file work-v3.cif (mmCIF, C-alpha atoms)
data_work
loop_
_atom_site.group_PDB
_atom_site.id
_atom_site.type_symbol
_atom_site.label_atom_id
_atom_site.label_comp_id
_atom_site.auth_asym_id
_atom_site.auth_seq_id
_atom_site.Cartn_x
_atom_site.Cartn_y
_atom_site.Cartn_z
ATOM 1 C CA MET A 1 -17.078 -29.823 -31.006
ATOM 2 C CA GLU A 2 -18.769 -33.060 -30.128
ATOM 3 C CA ASP A 3 -16.671 -36.204 -29.983
ATOM 4 C CA PRO A 4 -17.144 -37.832 -33.421
ATOM 5 C CA LEU A 5 -17.035 -41.289 -31.831
ATOM 6 C CA HIS A 6 -19.828 -40.418 -29.415
ATOM 7 C CA PRO A 7 -22.622 -41.747 -31.682
ATOM 8 C CA PHE A 8 -21.085 -45.238 -31.503
ATOM 9 C CA GLU A 9 -21.563 -45.487 -27.744
ATOM 10 C CA LEU A 10 -24.411 -47.667 -26.581
ATOM 11 C CA HIS A 11 -26.673 -46.932 -23.641
ATOM 12 C CA ASN A 12 -29.292 -49.297 -22.330
ATOM 13 C CA PHE A 13 -32.861 -48.145 -22.760
ATOM 14 C CA PHE A 14 -33.976 -50.328 -19.923
ATOM 15 C CA PRO A 15 -31.755 -52.764 -18.050
ATOM 16 C CA LEU A 16 -32.925 -56.346 -18.145
ATOM 17 C CA SER A 17 -31.205 -59.466 -16.959
ATOM 18 C CA ILE A 18 -32.292 -63.071 -16.769
ATOM 19 C CA PHE A 19 -30.308 -65.489 -14.586
ATOM 20 C CA GLY A 20 -27.411 -63.018 -14.479
ATOM 21 C CA LEU A 21 -27.395 -62.772 -18.271
ATOM 22 C CA ASP A 22 -27.510 -59.170 -19.414
ATOM 23 C CA ILE A 23 -30.129 -58.901 -22.166
ATOM 24 C CA SER A 24 -30.781 -55.178 -21.873
ATOM 25 C CA VAL A 25 -32.262 -53.509 -24.915
ATOM 26 C CA ASN A 26 -30.084 -50.764 -26.374
ATOM 27 C CA LYS A 27 -30.044 -48.843 -29.628
ATOM 28 C CA ALA A 28 -28.149 -51.548 -31.508
ATOM 29 C CA VAL A 29 -30.607 -54.268 -30.473
ATOM 30 C CA LEU A 30 -33.525 -52.047 -31.442
ATOM 31 C CA MET A 31 -31.969 -51.292 -34.838
ATOM 32 C CA MET A 32 -31.419 -55.000 -35.481
ATOM 33 C CA TRP A 33 -35.127 -55.586 -34.886
ATOM 34 C CA VAL A 34 -35.927 -52.722 -37.245
ATOM 35 C CA VAL A 35 -33.638 -54.172 -39.930
ATOM 36 C CA VAL A 36 -35.063 -57.687 -39.597
ATOM 37 C CA GLY A 37 -38.608 -56.304 -39.673
ATOM 38 C CA LEU A 38 -37.867 -54.154 -42.708
ATOM 39 C CA VAL A 39 -36.275 -56.991 -44.695
ATOM 40 C CA ALA A 40 -39.067 -59.406 -43.801
ATOM 41 C CA PHE A 41 -41.781 -56.874 -44.641
ATOM 42 C CA LEU A 42 -40.276 -55.880 -48.002
ATOM 43 C CA LEU A 43 -39.581 -59.453 -49.105
ATOM 44 C CA LEU A 44 -43.013 -60.702 -48.044
ATOM 45 C CA LYS A 45 -44.672 -57.802 -49.829
ATOM 46 C CA ALA A 46 -42.535 -58.409 -52.925
ATOM 47 C CA GLY A 47 -43.074 -62.152 -52.903
ATOM 48 C CA THR A 48 -46.805 -62.519 -52.340
ATOM 49 C CA ALA A 49 -48.060 -61.044 -55.631
ATOM 50 C CA ARG A 50 -46.096 -63.293 -58.041
ATOM 51 C CA ALA A 51 -47.395 -61.302 -60.975
ATOM 52 C CA LEU A 52 -46.274 -62.149 -64.501
ATOM 53 C CA VAL A 53 -45.741 -58.447 -65.117
ATOM 54 C CA PRO A 54 -43.918 -57.586 -61.889
ATOM 55 C CA SER A 55 -44.453 -54.490 -59.807
ATOM 56 C CA LYS A 56 -41.437 -52.302 -58.986
ATOM 57 C CA LEU A 57 -40.885 -54.077 -55.685
ATOM 58 C CA GLN A 58 -41.181 -57.521 -57.263
ATOM 59 C CA SER A 59 -38.666 -56.531 -59.969
ATOM 60 C CA LEU A 60 -36.262 -55.497 -57.263
ATOM 61 C CA ALA A 61 -36.693 -58.809 -55.473
ATOM 62 C CA GLU A 62 -36.150 -60.715 -58.733
ATOM 63 C CA LEU A 63 -33.067 -58.620 -59.411
ATOM 64 C CA LEU A 64 -31.790 -59.516 -55.947
ATOM 65 C CA VAL A 65 -32.346 -63.237 -56.503
ATOM 66 C CA ASP A 66 -30.508 -62.984 -59.833
ATOM 67 C CA PHE A 67 -27.669 -61.102 -58.174
ATOM 68 C CA ILE A 68 -27.150 -63.656 -55.387
ATOM 69 C CA ARG A 69 -27.521 -66.542 -57.826
ATOM 70 C CA GLY A 70 -24.819 -64.930 -59.964
ATOM 71 C CA ILE A 71 -22.456 -64.715 -57.001
ATOM 72 C CA ILE A 72 -23.081 -68.353 -56.028
ATOM 73 C CA HIS A 73 -22.683 -69.683 -59.578
ATOM 74 C CA ASP A 74 -19.460 -67.726 -60.078
ATOM 75 C CA THR A 75 -17.841 -68.931 -56.880
ATOM 76 C CA MET A 76 -19.356 -72.325 -56.046
ATOM 77 C CA GLY A 77 -21.077 -73.553 -59.176
ATOM 78 C CA ALA A 78 -24.633 -74.872 -59.301
ATOM 79 C CA SER A 79 -24.111 -77.188 -56.304
ATOM 80 C CA GLY A 80 -23.731 -74.130 -54.107
ATOM 81 C CA MET A 81 -27.397 -73.203 -54.511
ATOM 82 C CA ARG A 82 -28.041 -75.182 -51.320
ATOM 83 C CA TYR A 83 -26.581 -72.192 -49.467
ATOM 84 C CA PHE A 84 -28.736 -69.656 -51.282
ATOM 85 C CA PRO A 85 -30.954 -68.898 -48.228
ATOM 86 C CA LEU A 86 -27.928 -68.394 -45.987
ATOM 87 C CA ILE A 87 -26.110 -66.088 -48.407
ATOM 88 C CA THR A 88 -29.260 -64.072 -49.105
ATOM 89 C CA THR A 89 -30.006 -63.657 -45.408
ATOM 90 C CA LEU A 90 -26.471 -62.497 -44.637
ATOM 91 C CA PHE A 91 -26.391 -60.175 -47.634
ATOM 92 C CA LEU A 92 -29.753 -58.581 -46.885
ATOM 93 C CA PHE A 93 -29.127 -58.154 -43.164
ATOM 94 C CA ILE A 94 -25.736 -56.527 -43.714
ATOM 95 C CA LEU A 95 -26.977 -54.403 -46.612
ATOM 96 C CA PHE A 96 -29.998 -53.101 -44.705
ATOM 97 C CA SER A 97 -27.965 -52.523 -41.536
ATOM 98 C CA ASN A 98 -25.527 -50.433 -43.560
ATOM 99 C CA LEU A 99 -28.278 -48.532 -45.367
ATOM 100 C CA VAL A 100 -30.515 -47.927 -42.345
ATOM 101 C CA GLY A 101 -27.431 -46.720 -40.481
ATOM 102 C CA LEU A 102 -27.086 -43.890 -43.001
ATOM 103 C CA VAL A 103 -30.377 -42.358 -41.855
ATOM 104 C CA PRO A 104 -29.474 -39.520 -39.471
ATOM 105 C CA GLY A 105 -30.267 -40.362 -35.863
ATOM 106 C CA SER A 106 -30.341 -44.104 -36.433
ATOM 107 C CA TYR A 107 -27.582 -46.545 -35.602
ATOM 108 C CA THR A 108 -25.289 -48.684 -37.753
ATOM 109 C CA VAL A 109 -25.392 -52.163 -36.246
ATOM 110 C CA THR A 110 -22.468 -53.297 -38.412
ATOM 111 C CA SER A 111 -20.206 -50.700 -36.780
ATOM 112 C CA GLN A 112 -20.086 -52.967 -33.715
ATOM 113 C CA ILE A 113 -17.298 -55.523 -34.057
ATOM 114 C CA ILE A 114 -19.218 -57.979 -31.878
ATOM 115 C CA VAL A 115 -21.958 -58.143 -34.540
ATOM 116 C CA THR A 116 -19.620 -58.507 -37.517
ATOM 117 C CA GLY A 117 -17.400 -60.841 -35.482
ATOM 118 C CA ILE A 118 -20.266 -63.209 -34.692
ATOM 119 C CA PHE A 119 -21.213 -63.323 -38.387
ATOM 120 C CA ALA A 120 -17.616 -63.909 -39.479
ATOM 121 C CA VAL A 121 -16.899 -66.602 -36.897
ATOM 122 C CA GLY A 122 -20.270 -68.229 -37.652
ATOM 123 C CA VAL A 123 -19.581 -68.345 -41.393
ATOM 124 C CA TYR A 124 -16.075 -69.683 -40.868
ATOM 125 C CA ALA A 125 -17.268 -72.295 -38.356
ATOM 126 C CA LEU A 126 -19.929 -73.400 -40.835
ATOM 127 C CA SER A 127 -17.305 -73.837 -43.558
ATOM 128 C CA LEU A 128 -15.243 -75.989 -41.153
ATOM 129 C CA VAL A 129 -18.276 -78.108 -40.220
ATOM 130 C CA VAL A 130 -19.188 -78.592 -43.889
ATOM 131 C CA GLY A 131 -15.594 -79.471 -44.754
ATOM 132 C CA PHE A 132 -15.109 -82.020 -41.988
ATOM 133 C CA LYS A 133 -18.532 -83.554 -42.595
ATOM 134 C CA LEU A 134 -17.827 -83.975 -46.295
ATOM 135 C CA HIS A 135 -14.168 -84.983 -46.283
ATOM 136 C CA GLY A 136 -13.609 -86.253 -42.741
ATOM 137 C CA ALA A 137 -10.044 -86.052 -41.433
ATOM 138 C CA LYS A 138 -8.826 -85.573 -45.014
ATOM 139 C CA PHE A 139 -10.123 -82.001 -44.719
ATOM 140 C CA LEU A 140 -6.968 -81.194 -42.749
ATOM 141 C CA GLY A 141 -5.319 -81.423 -46.165
ATOM 142 C CA ILE A 142 -6.349 -77.794 -46.809
ATOM 143 C CA LEU A 143 -3.305 -76.948 -44.696
ATOM 144 C CA VAL A 144 -1.085 -78.551 -47.350
ATOM 145 C CA PRO A 145 -1.258 -76.835 -50.741
ATOM 146 C CA PRO A 146 -1.082 -79.314 -53.626
ATOM 147 C CA GLY A 147 2.384 -79.898 -55.052
ATOM 148 C CA THR A 148 4.263 -78.989 -51.890
ATOM 149 C CA PRO A 149 7.595 -80.825 -51.589
ATOM 150 C CA GLY A 150 8.045 -82.680 -48.283
ATOM 151 C CA TRP A 151 10.880 -80.544 -46.965
ATOM 152 C CA LEU A 152 8.734 -77.419 -47.227
ATOM 153 C CA LEU A 153 5.948 -78.857 -45.042
ATOM 154 C CA PRO A 154 7.237 -77.473 -41.694
ATOM 155 C CA LEU A 155 7.088 -74.011 -43.261
ATOM 156 C CA MET A 156 3.900 -74.332 -45.312
ATOM 157 C CA ILE A 157 1.671 -75.740 -42.563
ATOM 158 C CA PRO A 158 2.147 -72.770 -40.183
ATOM 159 C CA ILE A 159 1.679 -70.343 -43.077
ATOM 160 C CA GLU A 160 -1.530 -72.029 -44.209
ATOM 161 C CA LEU A 161 -2.735 -72.231 -40.599
ATOM 162 C CA ILE A 162 -2.200 -68.479 -40.228
ATOM 163 C CA SER A 163 -4.016 -67.703 -43.461
ATOM 164 C CA GLN A 164 -6.918 -69.921 -42.392
ATOM 165 C CA LEU A 165 -7.192 -68.248 -38.982
ATOM 166 C CA ALA A 166 -6.920 -64.831 -40.620
ATOM 167 C CA ARG A 167 -10.122 -65.474 -42.592
ATOM 168 C CA PRO A 168 -12.737 -64.767 -39.922
ATOM 169 C CA ILE A 169 -10.694 -61.859 -38.553
ATOM 170 C CA SER A 170 -10.331 -60.204 -41.918
ATOM 171 C CA LEU A 171 -14.034 -60.786 -42.624
ATOM 172 C CA ALA A 172 -15.100 -59.167 -39.342
ATOM 173 C CA VAL A 173 -12.612 -56.299 -39.359
ATOM 174 C CA ARG A 174 -13.293 -55.289 -42.977
ATOM 175 C CA LEU A 175 -17.000 -54.724 -42.456
ATOM 176 C CA PHE A 176 -16.633 -53.127 -39.028
ATOM 177 C CA ALA A 177 -13.756 -50.838 -40.021
ATOM 178 C CA ASN A 178 -15.389 -49.660 -43.242
ATOM 179 C CA MET A 179 -18.654 -48.789 -41.541
ATOM 180 C CA THR A 180 -17.057 -47.143 -38.499
ATOM 181 C CA ALA A 181 -14.529 -45.160 -40.533
ATOM 182 C CA GLY A 182 -17.121 -43.890 -42.990
ATOM 183 C CA HIS A 183 -19.511 -42.759 -40.289
ATOM 184 C CA THR A 184 -16.780 -41.155 -38.194
ATOM 185 C CA LEU A 185 -15.659 -39.191 -41.252
ATOM 186 C CA LEU A 186 -19.242 -38.055 -41.838
ATOM 187 C CA LYS A 187 -19.531 -36.901 -38.230
ATOM 188 C CA VAL A 188 -16.197 -35.060 -38.287
ATOM 189 C CA PHE A 189 -17.193 -33.111 -41.395
ATOM 190 C CA ALA A 190 -20.670 -32.487 -40.038
ATOM 191 C CA GLY A 191 -18.997 -31.024 -36.936
ATOM 192 C CA PHE A 192 -16.992 -28.641 -39.140
ATOM 193 C CA VAL A 193 -20.208 -27.352 -40.704
ATOM 194 C CA VAL A 194 -21.389 -26.041 -37.352
ATOM 195 C CA VAL A 195 -18.041 -24.661 -36.218
ATOM 196 C CA MET A 196 -17.087 -22.852 -39.414
ATOM 197 C CA GLY A 197 -20.210 -20.688 -39.699
ATOM 198 C CA ALA A 198 -20.738 -19.252 -43.201
ATOM 199 C CA ALA A 199 -17.699 -21.103 -44.605
ATOM 200 C CA GLY A 200 -19.380 -24.295 -43.429
ATOM 201 C CA VAL A 201 -20.870 -24.699 -46.904
ATOM 202 C CA VAL A 202 -17.612 -26.337 -48.024
ATOM 203 C CA PRO A 203 -17.676 -29.197 -45.469
ATOM 204 C CA LEU A 204 -21.420 -29.474 -46.079
ATOM 205 C CA LEU A 205 -20.707 -30.266 -49.737
ATOM 206 C CA PHE A 206 -18.165 -32.826 -48.548
ATOM 207 C CA VAL A 207 -20.814 -34.425 -46.349
ATOM 208 C CA VAL A 208 -23.179 -34.701 -49.313
ATOM 209 C CA ALA A 209 -20.473 -36.313 -51.460
ATOM 210 C CA LEU A 210 -19.411 -38.624 -48.632
ATOM 211 C CA THR A 211 -22.982 -39.773 -48.128
ATOM 212 C CA GLY A 212 -23.032 -40.860 -51.754
ATOM 213 C CA LEU A 213 -19.766 -42.697 -51.263
ATOM 214 C CA GLU A 214 -21.137 -44.346 -48.122
ATOM 215 C CA LEU A 215 -24.101 -45.638 -50.130
ATOM 216 C CA LEU A 216 -21.653 -47.364 -52.473
ATOM 217 C CA VAL A 217 -19.632 -48.718 -49.544
ATOM 218 C CA ALA A 218 -22.811 -50.055 -47.924
ATOM 219 C CA PHE A 219 -23.578 -52.129 -51.025
ATOM 220 C CA LEU A 220 -19.964 -53.073 -51.606
ATOM 221 C CA GLN A 221 -19.367 -54.374 -48.087
ATOM 222 C CA ALA A 222 -22.516 -56.500 -48.138
ATOM 223 C CA TYR A 223 -21.431 -57.846 -51.532
ATOM 224 C CA VAL A 224 -17.880 -58.607 -50.373
ATOM 225 C CA PHE A 225 -19.181 -60.394 -47.278
ATOM 226 C CA ALA A 226 -21.487 -62.542 -49.415
ATOM 227 C CA VAL A 227 -18.750 -63.344 -51.948
ATOM 228 C CA LEU A 228 -16.247 -64.321 -49.273
ATOM 229 C CA THR A 229 -18.820 -66.509 -47.530
ATOM 230 C CA CYS A 230 -19.268 -68.286 -50.869
ATOM 231 C CA ILE A 231 -15.519 -68.630 -51.414
ATOM 232 C CA TYR A 232 -14.928 -70.084 -47.948
ATOM 233 C CA LEU A 233 -17.828 -72.516 -48.351
ATOM 234 C CA ASN A 234 -16.479 -73.454 -51.781
ATOM 235 C CA ASP A 235 -13.063 -74.223 -50.298
ATOM 236 C CA ALA A 236 -14.828 -76.557 -47.868
ATOM 237 C CA LEU A 237 -16.954 -78.204 -50.576
ATOM 238 C CA HIS A 238 -14.195 -78.672 -53.163
ATOM 239 C CA MET A 239 -10.838 -78.852 -51.441
ATOM 240 C CA HIS A 240 -8.155 -76.989 -53.444
ATOM 241 C CA MET B 241 -37.860 -49.593 -68.298
ATOM 242 C CA GLN B 242 -34.976 -49.625 -70.760
ATOM 243 C CA SER B 243 -32.780 -47.500 -68.542
ATOM 244 C CA LEU B 244 -33.014 -49.890 -65.599
ATOM 245 C CA PRO B 245 -30.156 -52.333 -65.170
ATOM 246 C CA THR B 246 -32.828 -55.063 -64.955
ATOM 247 C CA THR B 247 -32.940 -55.443 -68.700
ATOM 248 C CA ARG B 248 -29.220 -55.982 -68.981
ATOM 249 C CA LEU B 249 -29.232 -58.485 -66.125
ATOM 250 C CA ALA B 250 -32.209 -60.337 -67.519
ATOM 251 C CA GLY B 251 -30.210 -60.807 -70.723
ATOM 252 C CA LYS B 252 -27.922 -63.150 -68.738
ATOM 253 C CA LYS B 253 -24.953 -62.095 -70.875
ATOM 254 C CA MET B 254 -23.035 -61.077 -67.780
ATOM 255 C CA ALA B 255 -23.599 -62.184 -64.208
ATOM 256 C CA PRO B 256 -24.221 -59.076 -62.099
ATOM 257 C CA SER B 257 -21.404 -60.070 -59.774
ATOM 258 C CA GLN B 258 -19.055 -59.784 -62.749
ATOM 259 C CA ASP B 259 -19.867 -56.149 -63.370
ATOM 260 C CA PRO B 260 -16.273 -54.970 -63.866
ATOM 261 C CA MET B 261 -16.338 -51.890 -61.651
ATOM 262 C CA PHE B 262 -18.319 -53.396 -58.806
ATOM 263 C CA ALA B 263 -16.449 -56.692 -58.740
ATOM 264 C CA GLY B 264 -13.123 -54.869 -59.072
ATOM 265 C CA LEU B 265 -13.869 -52.628 -56.107
ATOM 266 C CA GLY B 266 -14.919 -55.686 -54.116
ATOM 267 C CA GLN B 267 -11.655 -57.450 -54.861
ATOM 268 C CA ALA B 268 -9.669 -54.341 -53.962
ATOM 269 C CA MET B 269 -11.483 -54.209 -50.611
ATOM 270 C CA ARG B 270 -10.469 -57.782 -49.871
ATOM 271 C CA VAL B 271 -6.732 -57.680 -50.393
ATOM 272 C CA GLY B 272 -5.860 -54.926 -47.914
ATOM 273 C CA THR B 273 -7.622 -56.401 -44.901
ATOM 274 C CA ASP B 274 -6.495 -59.933 -45.788
ATOM 275 C CA LEU B 275 -2.882 -58.773 -45.674
ATOM 276 C CA LEU B 276 -3.361 -57.043 -42.337
ATOM 277 C CA ALA B 277 -5.346 -59.875 -40.745
ATOM 278 C CA ALA B 278 -2.703 -62.477 -41.621
ATOM 279 C CA LEU B 279 -0.013 -60.262 -40.098
ATOM 280 C CA ILE B 280 -2.031 -59.800 -36.894
ATOM 281 C CA VAL B 281 -2.798 -63.515 -36.566
ATOM 282 C CA GLY B 282 0.860 -64.419 -37.173
ATOM 283 C CA GLY B 283 2.080 -61.979 -34.553
ATOM 284 C CA PHE B 284 -0.591 -63.029 -32.061
ATOM 285 C CA LEU B 285 0.163 -66.759 -32.434
ATOM 286 C CA GLY B 286 3.862 -65.986 -31.980
ATOM 287 C CA TRP B 287 3.085 -63.964 -28.870
ATOM 288 C CA LEU B 288 0.940 -66.821 -27.481
ATOM 289 C CA ILE B 289 3.796 -69.272 -27.980
ATOM 290 C CA ASP B 290 6.230 -66.809 -26.399
ATOM 291 C CA SER B 291 4.184 -66.156 -23.293
ATOM 292 C CA TYR B 292 2.375 -69.413 -22.586
ATOM 293 C CA VAL B 293 3.955 -72.382 -24.396
ATOM 294 C CA LEU B 294 7.691 -71.841 -24.680
ATOM 295 C CA ASP B 295 9.754 -69.143 -23.019
ATOM 296 C CA THR B 296 11.196 -67.851 -26.270
ATOM 297 C CA THR B 297 10.588 -64.069 -26.205
ATOM 298 C CA PRO B 298 11.310 -62.342 -28.789
ATOM 299 C CA TRP B 299 11.606 -65.214 -31.263
ATOM 300 C CA GLY B 300 7.971 -66.321 -31.346
ATOM 301 C CA VAL B 301 6.653 -62.888 -32.262
ATOM 302 C CA SER B 302 9.428 -62.306 -34.797
ATOM 303 C CA VAL B 303 8.915 -65.599 -36.588
ATOM 304 C CA GLY B 304 5.136 -65.243 -36.306
ATOM 305 C CA LEU B 305 5.163 -61.800 -37.932
ATOM 306 C CA VAL B 306 7.369 -63.014 -40.776
ATOM 307 C CA LEU B 307 5.140 -66.058 -41.348
ATOM 308 C CA GLY B 308 2.065 -63.804 -41.157
ATOM 309 C CA LEU B 309 3.555 -61.503 -43.781
ATOM 310 C CA ILE B 310 4.296 -64.457 -46.057
ATOM 311 C CA ALA B 311 0.779 -65.810 -45.547
ATOM 312 C CA GLY B 312 -0.743 -62.401 -46.304
ATOM 313 C CA ILE B 313 1.252 -61.924 -49.490
ATOM 314 C CA ARG B 314 0.463 -65.495 -50.556
ATOM 315 C CA ASN B 315 -3.249 -64.820 -50.047
ATOM 316 C CA ALA B 316 -3.072 -61.605 -52.043
ATOM 317 C CA TYR B 317 -1.192 -63.426 -54.800
ATOM 318 C CA ARG B 318 -3.736 -66.236 -54.913
ATOM 319 C CA ALA B 319 -6.617 -63.762 -54.950
ATOM 320 C CA ALA B 320 -4.951 -61.944 -57.851
ATOM 321 C CA GLN B 321 -4.541 -65.216 -59.732
ATOM 322 C CA ARG B 322 -8.302 -65.759 -59.496
ATOM 323 C CA TRP B 323 -9.012 -62.382 -61.180
ATOM 324 C CA GLY B 324 -7.564 -63.490 -64.472
ATOM 325 C CA LYS B 325 -10.079 -66.313 -64.811
#

call {"tool": "encode", "arguments": {"input": "work-v3.cif", "output": "C-alpha cells"}}
result
Amino acid sequence: MEDPLHPFELHNFFPLSIFGLDISVNKAVLMMWVVVGLVAFLLLKAGTARALVPSKLQSLAELLVDFIRGIIHDTMGASGMRYFPLITTLFLFILFSNLVGLVPGSYTVTSQIIVTGIFAVGVYALSLVVGFKLHGAKFLGILVPPGTPGWLLPLMIPIELISQLARPISLAVRLFANMTAGHTLLKVFAGFVVVMGAAGVVPLLFVVALTGLELLVAFLQAYVFAVLTCIYLNDALHMH
Amino acid sequence: MQSLPTTRLAGKKMAPSQDPMFAGLGQAMRVGTDLLAALIVGGFLGWLIDSYVLDTTPWGVSVGLVLGLIAGIRNAYRAAQRWGK
C-alpha cells in the first residue's frame, strides 16, 4: 500500500534561485496561484454585473458579504468593518485552498504548516501592532486581567503571557492539523479500497462519507480562522 | 428560491455566524487546540529558561507545564463564558 503521507511531499517542478534565495515552483506554489486566480476570477465576475435581480453568482457573493459582515459585527461591532477586506481575503483564500484541495490529484496548500503559520503569525502580529498603536505602552495591560489583586500578579502575568503566545500557535496548528488529518484519513481508506478487492465497497462508502465531512470541515476551518482573527483584533481594539 | 438559505439570511433575523450548529461546531473546534497550544507554549518557555537562562532543570519545564495547563483551562473557561451571551 502506498504511504498515505506521500501526497503531502513537495517536489520542485523546476529549481529556481535568485541571490541564493530558493524560489523554486512546486505543487503548493502552483496551487496557491490557482486559488488566488479562482477567487479573483469568481469575485470579479460576480461583482461586475451589479444587477438589481442578482444572478446565481452575484447572490453567492452577496451572501458571502453578509456572512463576513455578520462575523465582524458579532465580534468587533460596527467599528471593525475597517478590517472587512482583510477578513474576507483570509476567509476566501483558506476556504478555496481547503475546497480545491479536495479535488483528487490537486494539493491542499493549508496542509503545510508554513502556510498556516505565516497567516497565524501575521494576524497575531497585526493585532499587536494595532494594539500598541492605539493604546501605546498601556497595551501591555492585556497581560493583567481586570480585578487582579496585587499579590496574584507574579502568577497571572506568566499565565496571560502563555495564553497570548499560544494564540498564533493554536491558530496555525488547528487549520494545518484538521486539513492534514482529514486528507490522510481519506488516503488511508482509499488505499483499503484497492487492497480489499470486492470487499473494498465498504471503505469506498467510507470515503464518500468522509468527503462530505471534509467539505464541512473546509468551511468550518475557514470560518473559525476568520472568527478568531476578529476576536484577536477586537482584543487589540477594545482592551478587556 | 425559497429553499435557499439566502432568504433567511436576507431577513436579518439571525446573523449567519450565529447559526447554532455551525457556530457551535466552530467553538468546539477552538477549545481543544487552545488547550493544547497553551500547554505546549508553557512547556517550551520552561524548557527555554531551563536550558538557556537559568540552570534549573527540571523545574522550568515543570512549572511551565503547570502554568500552561492553567492558561489553557482559563482560556477554555473564558471562551465558554462568551457562549452564553

call {"tool": "closest_atom_pairs", "arguments": {"input": "work-v3.cif", "of": "chain A", "to": "chain B", "cutoff": "10 Å", "atoms": "only C-alpha atoms", "output": "JSON lines"}}
result
{"residue": "A:Ser59", "atom": "CA", "partner": "B:Thr246", "partner_atom": "CA", "distance": 7.8}
{"residue": "A:Leu60", "atom": "CA", "partner": "B:Thr246", "partner_atom": "CA", "distance": 8.4}
{"residue": "A:Glu62", "atom": "CA", "partner": "B:Thr246", "partner_atom": "CA", "distance": 9.0}
{"residue": "A:Leu63", "atom": "CA", "partner": "B:Thr246", "partner_atom": "CA", "distance": 6.6}
{"residue": "A:Leu64", "atom": "CA", "partner": "B:Pro256", "partner_atom": "CA", "distance": 9.8}
{"residue": "A:Asp66", "atom": "CA", "partner": "B:Pro256", "partner_atom": "CA", "distance": 7.7}
{"residue": "A:Phe67", "atom": "CA", "partner": "B:Pro256", "partner_atom": "CA", "distance": 5.6}
{"residue": "A:Ile68", "atom": "CA", "partner": "B:Ser257", "partner_atom": "CA", "distance": 8.1}
{"residue": "A:Arg69", "atom": "CA", "partner": "B:Ala255", "partner_atom": "CA", "distance": 8.7}
{"residue": "A:Gly70", "atom": "CA", "partner": "B:Ala255", "partner_atom": "CA", "distance": 5.2}
{"residue": "A:Ile71", "atom": "CA", "partner": "B:Ser257", "partner_atom": "CA", "distance": 5.5}
{"residue": "A:Ile72", "atom": "CA", "partner": "B:Ser257", "partner_atom": "CA", "distance": 9.2}
{"residue": "A:His73", "atom": "CA", "partner": "B:Ala255", "partner_atom": "CA", "distance": 8.9}
{"residue": "A:Asp74", "atom": "CA", "partner": "B:Ser257", "partner_atom": "CA", "distance": 7.9}
{"residue": "A:Thr75", "atom": "CA", "partner": "B:Ser257", "partner_atom": "CA", "distance": 10.0}
{"residue": "A:Leu155", "atom": "CA", "partner": "B:Leu307", "partner_atom": "CA", "distance": 8.4}
{"residue": "A:Met156", "atom": "CA", "partner": "B:Ala311", "partner_atom": "CA", "distance": 9.1}
{"residue": "A:Pro158", "atom": "CA", "partner": "B:Leu307", "partner_atom": "CA", "distance": 7.4}
{"residue": "A:Ile159", "atom": "CA", "partner": "B:Ala311", "partner_atom": "CA", "distance": 5.2}
{"residue": "A:Glu160", "atom": "CA", "partner": "B:Ala311", "partner_atom": "CA", "distance": 6.8}
{"residue": "A:Leu161", "atom": "CA", "partner": "B:Ala311", "partner_atom": "CA", "distance": 8.8}
{"residue": "A:Ile162", "atom": "CA", "partner": "B:Gly282", "partner_atom": "CA", "distance": 5.9}
{"residue": "A:Ser163", "atom": "CA", "partner": "B:Ala311", "partner_atom": "CA", "distance": 5.6}
{"residue": "A:Gln164", "atom": "CA", "partner": "B:Ala278", "partner_atom": "CA", "distance": 8.6}
{"residue": "A:Leu165", "atom": "CA", "partner": "B:Val281", "partner_atom": "CA", "distance": 6.9}
{"residue": "A:Ala166", "atom": "CA", "partner": "B:Ala278", "partner_atom": "CA", "distance": 4.9}
{"residue": "A:Arg167", "atom": "CA", "partner": "B:Asp274", "partner_atom": "CA", "distance": 7.4}
{"residue": "A:Pro168", "atom": "CA", "partner": "B:Ala277", "partner_atom": "CA", "distance": 8.9}
{"residue": "A:Ile169", "atom": "CA", "partner": "B:Ala277", "partner_atom": "CA", "distance": 6.1}
{"residue": "A:Ser170", "atom": "CA", "partner": "B:Ala277", "partner_atom": "CA", "distance": 5.1}
{"residue": "A:Leu171", "atom": "CA", "partner": "B:Thr273", "partner_atom": "CA", "distance": 8.1}
{"residue": "A:Ala172", "atom": "CA", "partner": "B:Thr273", "partner_atom": "CA", "distance": 9.7}
{"residue": "A:Val173", "atom": "CA", "partner": "B:Thr273", "partner_atom": "CA", "distance": 7.5}
{"residue": "A:Arg174", "atom": "CA", "partner": "B:Thr273", "partner_atom": "CA", "distance": 6.1}
{"residue": "A:Leu175", "atom": "CA", "partner": "B:Thr273", "partner_atom": "CA", "distance": 9.8}
{"residue": "A:Ala177", "atom": "CA", "partner": "B:Thr273", "partner_atom": "CA", "distance": 9.6}
{"residue": "A:Asn178", "atom": "CA", "partner": "B:Met269", "partner_atom": "CA", "distance": 9.5}
{"residue": "A:Leu216", "atom": "CA", "partner": "B:Phe262", "partner_atom": "CA", "distance": 9.4}
{"residue": "A:Val217", "atom": "CA", "partner": "B:Leu265", "partner_atom": "CA", "distance": 9.6}
{"residue": "A:Phe219", "atom": "CA", "partner": "B:Phe262", "partner_atom": "CA", "distance": 9.5}
{"residue": "A:Leu220", "atom": "CA", "partner": "B:Gly266", "partner_atom": "CA", "distance": 6.2}
{"residue": "A:Gln221", "atom": "CA", "partner": "B:Gly266", "partner_atom": "CA", "distance": 7.6}
{"residue": "A:Ala222", "atom": "CA", "partner": "B:Gly266", "partner_atom": "CA", "distance": 9.7}
{"residue": "A:Tyr223", "atom": "CA", "partner": "B:Gly266", "partner_atom": "CA", "distance": 7.3}
{"residue": "A:Val224", "atom": "CA", "partner": "B:Gly266", "partner_atom": "CA", "distance": 5.6}
{"residue": "A:Phe225", "atom": "CA", "partner": "B:Gly266", "partner_atom": "CA", "distance": 9.3}
{"residue": "A:Val227", "atom": "CA", "partner": "B:Gly266", "partner_atom": "CA", "distance": 8.8}
{"residue": "A:Leu228", "atom": "CA", "partner": "B:Arg270", "partner_atom": "CA", "distance": 8.7}

call {"tool": "atom_distance", "arguments": {"input": "work-v3.cif", "atom1": "CA of Ile113 in chain A", "atom2": "CA of Asp3 in chain A"}}
result
19.8 Å

call {"tool": "residues_around", "arguments": {"input": "work-v3.cif", "residues": "Leu92 in chain A", "least_positions_apart": "3", "cutoff": "10 Å", "atoms": "all atoms listed in the file", "output": "count of residues only"}}
result
16
